[in-house]
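So the structure is just underneath, and the comments pick up after that.
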Amino acid sequence: MKARVTPDPIELTRQLVRIPSPTGHEGPVVDFVEAVLKSLDYRVTRQSVSDGRANLYAYASPPEVVLSTHLDVVPPHLDFAEDDEWIYGRGACDAKGIAAAMIAAASRLRDGGESRVGLLFVVGEETGGEGAQLANALSPKGRFLINGEPTENLLSIGQKGAVAYRLTARGKAAHSAYPEEGRSATELLLDAIAAIRRFELPADPLLGDTTLNIGQISGGVAANVIPDLASATLMYRTVADPAPLEADIRRVAGTAIAVERLFGFGHVRSPGLPGWDTTTVKFASDLAHLGSWGVGYQLGPGTIRVAHTMHEKVRKSELITGVERYIQLVNHLLARTG
């Protein structure tokens with residue numbers, strides 16, 4: 001049998017970043033990662049999500065700990081580049097560098113005789129986590145899951161949730177000189193948003209405040225036409241059950257405004273670990289969808305502050321440190337399995 005070669009996380013990051021994989025078009029990067037995992041002599045399960053898109057689950061023996069992250073990225077594609085310190089490009093920190101560090105860490109652990117570590121790579125994280133939700137059907141599962149997101153290599157024990165809504169107001173079009181003959185959808189929408197912004201939002205001592213972003217507003221066709229259609233998207237970063245909030249939004253919307261829930265991620269709390277400095281994060285992730293995989297933690301190289309931007313990057317030294325941190329965390333968790 002051909003000897004396994006532990007991947008270099010920096011070179012593997014280079015290769016992954018060069019492959020465009022916006023959500024919905026992850027096929028080529030999934031194929032590449034599958035080939036890498038098979039070359040490392042893992043048993044690989046390919047779980048179809050939709051045409052040409054799949055999750056990957058790899059293990060050598062039934063795992064106790066699973067390392068997981070996503071292979072999709074946000075648009076637009078950013079070409080790979082590098083200098084002595086940094087790797088640049090879409091997915092460099094969110095989350096292709098993380099995937100590379102996880103593969104390298106699991107390979108090193110296995111080289112040292114520890115094969116109870118699985119690798120789960122999913123698609124669709126950036127638009128609601130469809131891949132992670134389907135991945136709950138996979139087995140065998142372990143007792144712990146480490147989700148990869150850019151946390152600056154700190155152990156996250158809490159994350160906010162996220163829920164998004166589209167509000168669509170319908171009015172009656174008319175000439176703007178005769179507003180009494182129409183009904184402005186834009187005014188209906190703005191009145192509803194003003195009321196929604198006055199809601200008292202939940203707070204949590206660990207996770208902080210619930211926050212609202214009004215990300216998009218559109219409506220109307222011209223300045224001299226009473227608009228008959230207007231819409232807005234709202235996104236909350238949540239720290240509590242969003243059901244009461246959603247009920248309030250629907251109450252304010254009434255019958256004139258349709259409310260569509262676009263997606264939702266739950267908030268997450270994890271127990272602290274002795275000897276580990278911990279943090280919490282304000283962003284949501286697939287960790288909220290992967291509760292059936294055991295106790296969940298989150299850790300990864302890079303900073304979320306450059307993810308989704310036009311200058312996404314990850315420091316090469318952070319990738320190396322990330323491998324070490326994954327190995328340390330896996331060993332710590334395995335020691336707790338008895």
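Each chain in the structure tokens gets a letter, A, B, ..., in the order shown, and its residues are numbered from 1; ligands are numbered from 1 in order too.
Shell of A:Phe80 at 8 Å, with only C-alpha atoms counted and residues fewer than 2 places along the chain excluded, is Arg14, Val17, Arg18, Leu78, Glu82, Ile87, Tyr88, Gly89 and Arg90 of chain A.
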Keeping C-alpha atoms, export the residues of the selection given above as a short mmCIF file (atom, residue, chain, number, x, y, z; two decimals), in the first residue's frame.
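Result file is result.cif:
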data_model
loop_
_atom_site.label_atom_id
_atom_site.label_comp_id
_atom_site.auth_asym_id
_atom_site.auth_seq_id
_atom_site.Cartn_x
_atom_site.Cartn_y
_atom_site.Cartn_z
CA ARG A 14 -3.45 27.37 -2.11
CA VAL A 17 -8.59 28.82 -2.91
CA ARG A 18 -7.83 28.45 -6.61
CA LEU A 78 -11.34 36.55 -5.64
CA GLU A 82 0.17 35.28 -1.78
CA ILE A 87 -2.62 33.87 1.41
CA TYR A 88 -5.27 35.98 -0.32
CA GLY A 89 -8.42 34.97 -2.15
CA ARG A 90 -12.02 33.96 -1.66
#
Considering only helix (DSSP H, G or I) as DSSP defines it on the backbone, what residues of stretch 154-275 of chain A qualify? List them as a list in words.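 So the helix (DSSP H, G or I) residues in stretch 154-275 of chain A would be Pro179, Glu180, Glu181, Ala185, Thr186, Glu187, Leu188, Leu189, Leu190, Asp191, Ala192, Ile193, Ala194, Ala195, Ile196, Arg197, Ala243, Pro244, Leu245, Glu246, Ala247, Asp248, Ile249, Arg250, Arg251, Val252 and Ala253 of chain A.
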What lies within 12 Å of A:Gly302 using only C-alpha atoms, ignoring chain neighbours under 6 positions off, as a PDB file with N, CA and C atoms, in the first residue's frame?
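Output below, filename result_10.pdb:
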ATOM      1  N   TRP A  86       1.010  36.130   3.850  1.00  0.00           N
ATOM      2  CA  TRP A  86      -0.427  35.933   3.709  1.00  0.00           C
ATOM      3  C   TRP A  86      -0.779  35.102   2.477  1.00  0.00           C
ATOM      4  N   ILE A  87      -1.919  34.412   2.566  1.00  0.00           N
ATOM      5  CA  ILE A  87      -2.618  33.869   1.407  1.00  0.00           C
ATOM      6  C   ILE A  87      -3.890  34.690   1.230  1.00  0.00           C
ATOM      7  N   TYR A  88      -4.117  35.150  -0.001  1.00  0.00           N
ATOM      8  CA  TYR A  88      -5.273  35.982  -0.319  1.00  0.00           C
ATOM      9  C   TYR A  88      -6.201  35.208  -1.257  1.00  0.00           C
ATOM     10  N   GLY A  91     -12.320  32.543   0.249  1.00  0.00           N
ATOM     11  CA  GLY A  91     -12.244  31.314   1.022  1.00  0.00           C
ATOM     12  C   GLY A  91     -10.962  31.140   1.804  1.00  0.00           C
ATOM     13  N   ALA A  92     -10.029  32.073   1.664  1.00  0.00           N
ATOM     14  CA  ALA A  92      -8.742  31.915   2.356  1.00  0.00           C
ATOM     15  C   ALA A  92      -8.940  31.675   3.850  1.00  0.00           C
ATOM     16  N   CYS A  93      -9.827  32.474   4.467  1.00  0.00           N
ATOM     17  CA  CYS A  93     -10.102  32.257   5.888  1.00  0.00           C
ATOM     18  C   CYS A  93     -11.478  31.671   6.135  1.00  0.00           C
ATOM     19  N   ASP A  94     -12.385  31.745   5.149  1.00  0.00           N
ATOM     20  CA  ASP A  94     -13.768  31.322   5.364  1.00  0.00           C
ATOM     21  C   ASP A  94     -14.248  30.452   4.208  1.00  0.00           C
ATOM     22  N   ALA A  95     -13.959  29.132   4.214  1.00  0.00           N
ATOM     23  CA  ALA A  95     -13.275  28.434   5.301  1.00  0.00           C
ATOM     24  C   ALA A  95     -12.317  27.402   4.704  1.00  0.00           C
ATOM     25  N   LYS A  96     -11.686  27.743   3.554  1.00  0.00           N
ATOM     26  CA  LYS A  96     -10.844  26.755   2.891  1.00  0.00           C
ATOM     27  C   LYS A  96      -9.515  26.553   3.611  1.00  0.00           C
ATOM     28  N   GLY A  97      -8.954  27.610   4.174  1.00  0.00           N
ATOM     29  CA  GLY A  97      -7.764  27.439   4.990  1.00  0.00           C
ATOM     30  C   GLY A  97      -8.052  26.574   6.201  1.00  0.00           C
ATOM     31  N   ILE A  98      -9.246  26.736   6.748  1.00  0.00           N
ATOM     32  CA  ILE A  98      -9.671  25.920   7.889  1.00  0.00           C
ATOM     33  C   ILE A  98      -9.789  24.457   7.477  1.00  0.00           C
ATOM     34  N   ALA A 101      -6.369  23.006   7.270  1.00  0.00           N
ATOM     35  CA  ALA A 101      -5.781  22.777   8.594  1.00  0.00           C
ATOM     36  C   ALA A 101      -6.397  21.557   9.259  1.00  0.00           C
ATOM     37  N   GLY A 148     -15.372  24.466  12.184  1.00  0.00           N
ATOM     38  CA  GLY A 148     -14.326  25.397  11.765  1.00  0.00           C
ATOM     39  C   GLY A 148     -14.884  26.692  11.220  1.00  0.00           C
ATOM     40  N   GLU A 149     -14.622  27.765  11.910  1.00  0.00           N
ATOM     41  CA  GLU A 149     -14.884  29.128  11.456  1.00  0.00           C
ATOM     42  C   GLU A 149     -13.718  29.985  11.941  1.00  0.00           C
ATOM     43  N   PRO A 150     -13.474  31.135  11.304  1.00  0.00           N
ATOM     44  CA  PRO A 150     -12.329  31.953  11.713  1.00  0.00           C
ATOM     45  C   PRO A 150     -12.542  32.619  13.073  1.00  0.00           C
ATOM     46  N   THR A 151     -11.911  32.051  14.103  1.00  0.00           N
ATOM     47  CA  THR A 151     -12.006  32.579  15.476  1.00  0.00           C
ATOM     48  C   THR A 151     -10.659  33.077  15.985  1.00  0.00           C
ATOM     49  N   GLU A 152      -9.703  33.280  15.071  1.00  0.00           N
ATOM     50  CA  GLU A 152      -8.348  33.688  15.445  1.00  0.00           C
ATOM     51  C   GLU A 152      -7.689  32.635  16.328  1.00  0.00           C
ATOM     52  N   ASN A 153      -8.049  31.376  16.075  1.00  0.00           N
ATOM     53  CA  ASN A 153      -7.513  30.216  16.792  1.00  0.00           C
ATOM     54  C   ASN A 153      -7.855  30.211  18.276  1.00  0.00           C
ATOM     55  N   LEU A 154      -8.913  30.935  18.658  1.00  0.00           N
ATOM     56  CA  LEU A 154      -9.431  30.868  20.018  1.00  0.00           C
ATOM     57  C   LEU A 154     -10.601  29.898  20.056  1.00  0.00           C
ATOM     58  N   GLU A 312     -10.170  39.374   1.520  1.00  0.00           N
ATOM     59  CA  GLU A 312     -10.095  38.188   2.362  1.00  0.00           C
ATOM     60  C   GLU A 312      -8.682  37.586   2.306  1.00  0.00           C
ATOM     61  N   LYS A 313      -8.200  37.169   3.472  1.00  0.00           N
ATOM     62  CA  LYS A 313      -6.842  36.636   3.550  1.00  0.00           C
ATOM     63  C   LYS A 313      -6.699  35.831   4.838  1.00  0.00           C
ATOM     64  N   VAL A 314      -5.634  35.039   4.905  1.00  0.00           N
ATOM     65  CA  VAL A 314      -5.288  34.330   6.125  1.00  0.00           C
ATOM     66  C   VAL A 314      -3.770  34.311   6.238  1.00  0.00           C
ATOM     67  N   ARG A 315      -3.290  34.493   7.437  1.00  0.00           N
ATOM     68  CA  ARG A 315      -1.840  34.473   7.669  1.00  0.00           C
ATOM     69  C   ARG A 315      -1.351  33.022   7.675  1.00  0.00           C
ATOM     70  N   LYS A 316      -0.264  32.763   6.957  1.00  0.00           N
ATOM     71  CA  LYS A 316       0.263  31.397   6.860  1.00  0.00           C
ATOM     72  C   LYS A 316       0.611  30.836   8.231  1.00  0.00           C
ATOM     73  N   SER A 317       1.180  31.658   9.093  1.00  0.00           N
ATOM     74  CA  SER A 317       1.545  31.175  10.421  1.00  0.00           C
ATOM     75  C   SER A 317       0.315  30.775  11.223  1.00  0.00           C
ATOM     76  N   GLU A 318      -0.820  31.430  10.966  1.00  0.00           N
ATOM     77  CA  GLU A 318      -2.057  31.065  11.657  1.00  0.00           C
ATOM     78  C   GLU A 318      -2.549  29.689  11.213  1.00  0.00           C
ATOM     79  N   LEU A 319      -2.348  29.362   9.941  1.00  0.00           N
ATOM     80  CA  LEU A 319      -2.723  28.030   9.481  1.00  0.00           C
ATOM     81  C   LEU A 319      -1.924  26.959  10.219  1.00  0.00           C
ATOM     82  N   ILE A 320      -0.638  27.183  10.363  1.00  0.00           N
ATOM     83  CA  ILE A 320       0.213  26.222  11.074  1.00  0.00           C
ATOM     84  C   ILE A 320      -0.222  26.102  12.530  1.00  0.00           C
ATOM     85  N   THR A 321      -0.476  27.268  13.169  1.00  0.00           N
ATOM     86  CA  THR A 321      -0.951  27.247  14.552  1.00  0.00           C
ATOM     87  C   THR A 321      -2.306  26.555  14.646  1.00  0.00           C
ATOM     88  N   GLY A 322      -3.156  26.783  13.638  1.00  0.00           N
ATOM     89  CA  GLY A 322      -4.464  26.150  13.635  1.00  0.00           C
ATOM     90  C   GLY A 322      -4.371  24.638  13.652  1.00  0.00           C
TER      91      GLY A 322
END
Which is closest to A:Ser61 among A:Gly296, A:Gly158, A:Gly142, A:Pro242, if we use only C-alpha atoms?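 Answer, going by the shortest atom-to-atom distance: A:Gly142.
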Any idea what the distance is between atom CA of A:Gln47 and atom CA of A:Thr337?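 Rounded to one decimal, the two atoms are 28.1 Å apart.
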Near-A:Ile146 list (12 Å; only C-alpha atoms; drop same-chain fewer than 5 positions) as a ChimeraX atom specification: /A:64-69,98-99,102,106,117-121,155-157,270,285-288,290-291,293-300,325-330,332-333
Can you work out the spacing between atom CA of A:Thr186 and atom CA of A:Phe199 in Å, to one decimal?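 Here the two named atoms are 20.5 Å from each other.
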Polymer residues at most 6 Å from stretch 71-74 of chain A, only C-alpha atoms, same-chain spacing of 2 or more positions, as a list in words: Ser21, Pro22, Thr23, Glu26, Gly91 and Val123 of chain A
Restricting the output to C-alpha atoms, write the selected residues as a PDB file, in the first residue's frame.
ATOM      1  CA  SER A  21     -16.992  27.402  -5.098  1.00  0.00           C
ATOM      2  CA  PRO A  22     -19.786  29.933  -4.537  1.00  0.00           C
ATOM      3  CA  THR A  23     -22.821  28.472  -2.807  1.00  0.00           C
ATOM      4  CA  GLU A  26     -19.463  23.642  -5.016  1.00  0.00           C
ATOM      5  CA  GLY A  91     -12.244  31.314   1.022  1.00  0.00           C
ATOM      6  CA  VAL A 123     -22.000  22.736   1.293  1.00  0.00           C
TER       7      VAL A 123
END
Where does DSSP see strand (DSSP E or B) in stretch 75-139 of chain A, if you list the residues as a list in words?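 So the strand (DSSP E or B) residues in stretch 75-139 of chain A would be Ala81, Glu82, Trp86, Ile87, Tyr88, Val117, Gly118, Leu119, Leu120, Phe121 and Val122 of chain A.
Distance annotation: of A:His289, A:His175, A:Arg166, A:Lys141, the residue with the minimal separation from A:Ala223 is A:His175; atom set is only C-alpha atoms.
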Distance query A:Lys160 at most 8 Å, only C-alpha atoms, self and fewer than 5 positions along chain excluded, as a CSV table (one decimal) with N, CA and C atoms, in the first residue's frame:
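Written out: around-v1.csv:
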chain,number,residue,atom,x,y,z
A,207,LEU,N,-23.8,35.9,25.4
A,207,LEU,CA,-23.8,36.2,24.0
A,207,LEU,C,-24.0,37.7,23.6
A,237,ARG,N,-29.4,39.0,14.5
A,237,ARG,CA,-28.4,38.2,15.2
A,237,ARG,C,-29.0,37.9,16.6
A,238,THR,N,-29.4,36.7,16.9
A,238,THR,CA,-30.2,36.3,18.0
A,238,THR,C,-29.5,35.7,19.1
A,239,VAL,N,-30.0,35.9,20.3
A,239,VAL,CA,-29.4,35.2,21.5
A,239,VAL,C,-30.5,34.5,22.3
A,266,GLY,N,-29.8,28.6,15.0
A,266,GLY,CA,-30.0,28.8,16.4
A,266,GLY,C,-28.7,29.3,17.1
A,267,HIS,N,-28.9,29.9,18.2
A,267,HIS,CA,-27.7,30.3,19.0
A,267,HIS,C,-27.1,29.0,19.7
A,268,VAL,N,-25.9,29.1,20.1
A,268,VAL,CA,-25.2,27.9,20.7
A,268,VAL,C,-24.4,28.3,21.9
A,281,VAL,N,-18.6,34.4,19.7
A,281,VAL,CA,-18.6,35.1,18.5
A,281,VAL,C,-20.1,35.6,18.2
A,282,LYS,N,-20.1,36.6,17.4
A,282,LYS,CA,-21.4,37.2,17.0
A,282,LYS,C,-22.0,36.7,15.8
A,283,PHE,N,-21.2,35.9,15.0
A,283,PHE,CA,-21.8,35.4,13.8
A,283,PHE,C,-22.4,34.0,14.0
A,284,ALA,N,-23.2,33.6,13.0
A,284,ALA,CA,-23.9,32.3,13.1
A,284,ALA,C,-23.1,31.3,12.2
What are the nearest atom pairs, with distances in Å to one decimal, for all residues of stretch 134-167 of chain A that come at most 12 Å from stretch 243-258 of chain A, using only C-alpha atoms, set out by chain and rising residue number as a Markdown table?
| residue | atom | partner | partner_atom | distance |
| --- | --- | --- | --- | --- |
| A:Val163 | CA | A:Glu246 | CA | 9.4 |
| A:Ala164 | CA | A:Glu246 | CA | 10.0 |
| A:Tyr165 | CA | A:Glu246 | CA | 8.9 |
| A:Arg166 | CA | A:Ala258 | CA | 8.0 |
| A:Leu167 | CA | A:Ala258 | CA | 5.7 |
Near stretch 208-218 of chain A, counting only C-alpha atoms, which residues have an atom at most 6 Å away, once you skip same-chain residues fewer than 2 positions from it, shown as JSON, numbers by chain? {"A": [201, 202, 203, 204, 205, 206, 230, 231, 232, 233, 234, 235, 236, 237, 238, 239]}
Saved selection, atoms kept: N, CA and C atoms, as a short mmCIF file (atom, residue, chain, number, x, y, z; two decimals), in the first residue's frame:
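So the final result, stored in out06.cif, reads:
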data_model
loop_
_atom_site.label_atom_id
_atom_site.label_comp_id
_atom_site.auth_asym_id
_atom_site.auth_seq_id
_atom_site.Cartn_x
_atom_site.Cartn_y
_atom_site.Cartn_z
N LEU A 201 -35.42 44.12 22.29
CA LEU A 201 -34.84 42.85 21.85
C LEU A 201 -34.13 42.15 23.01
N PRO A 202 -34.11 40.82 23.01
CA PRO A 202 -33.49 40.06 24.11
C PRO A 202 -31.98 40.29 24.20
N ALA A 203 -31.47 40.12 25.40
CA ALA A 203 -30.03 40.15 25.66
C ALA A 203 -29.66 38.92 26.47
N ASP A 204 -28.40 38.54 26.41
CA ASP A 204 -27.90 37.36 27.12
C ASP A 204 -26.56 37.71 27.75
N PRO A 205 -26.31 37.30 28.99
CA PRO A 205 -25.05 37.67 29.65
C PRO A 205 -23.80 37.11 28.98
N LEU A 206 -23.92 35.98 28.28
CA LEU A 206 -22.76 35.41 27.59
C LEU A 206 -22.66 35.91 26.15
N ALA A 230 -43.36 47.03 -2.55
CA ALA A 230 -42.11 47.38 -1.88
C ALA A 230 -41.70 46.22 -0.99
N SER A 231 -40.41 46.03 -0.81
CA SER A 231 -39.94 44.91 0.01
C SER A 231 -38.69 45.30 0.78
N ALA A 232 -38.42 44.54 1.82
CA ALA A 232 -37.21 44.74 2.62
C ALA A 232 -36.78 43.40 3.20
N THR A 233 -35.48 43.23 3.42
CA THR A 233 -34.98 42.06 4.13
C THR A 233 -34.42 42.51 5.47
N LEU A 234 -34.78 41.77 6.50
CA LEU A 234 -34.32 42.03 7.86
C LEU A 234 -33.55 40.81 8.34
N MET A 235 -32.44 41.06 9.02
CA MET A 235 -31.68 39.96 9.59
C MET A 235 -31.34 40.27 11.04
N TYR A 236 -31.71 39.36 11.90
CA TYR A 236 -31.41 39.48 13.32
C TYR A 236 -30.28 38.53 13.70
N ARG A 237 -29.39 39.01 14.55
CA ARG A 237 -28.41 38.16 15.22
C ARG A 237 -28.99 37.89 16.61
N THR A 238 -29.38 36.65 16.86
CA THR A 238 -30.22 36.33 17.99
C THR A 238 -29.46 35.67 19.13
N VAL A 239 -29.99 35.85 20.34
CA VAL A 239 -29.40 35.23 21.53
C VAL A 239 -30.48 34.48 22.32
#
Give me, please, the distance in Å between atom CA of A:Pro63 and atom CA of A:Thr280, quoted to one decimal.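 Separation between atom CA of A:Pro63 and atom CA of A:Thr280: 26.4 Å.
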Residue nearest A:Pro179 among A:Ile196, A:Pro7, A:Pro227, A:Ser50 (counting only C-alpha atoms):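 Among A:Ile196, A:Pro7, A:Pro227, A:Ser50, it is A:Pro227 that comes nearest to A:Pro179.
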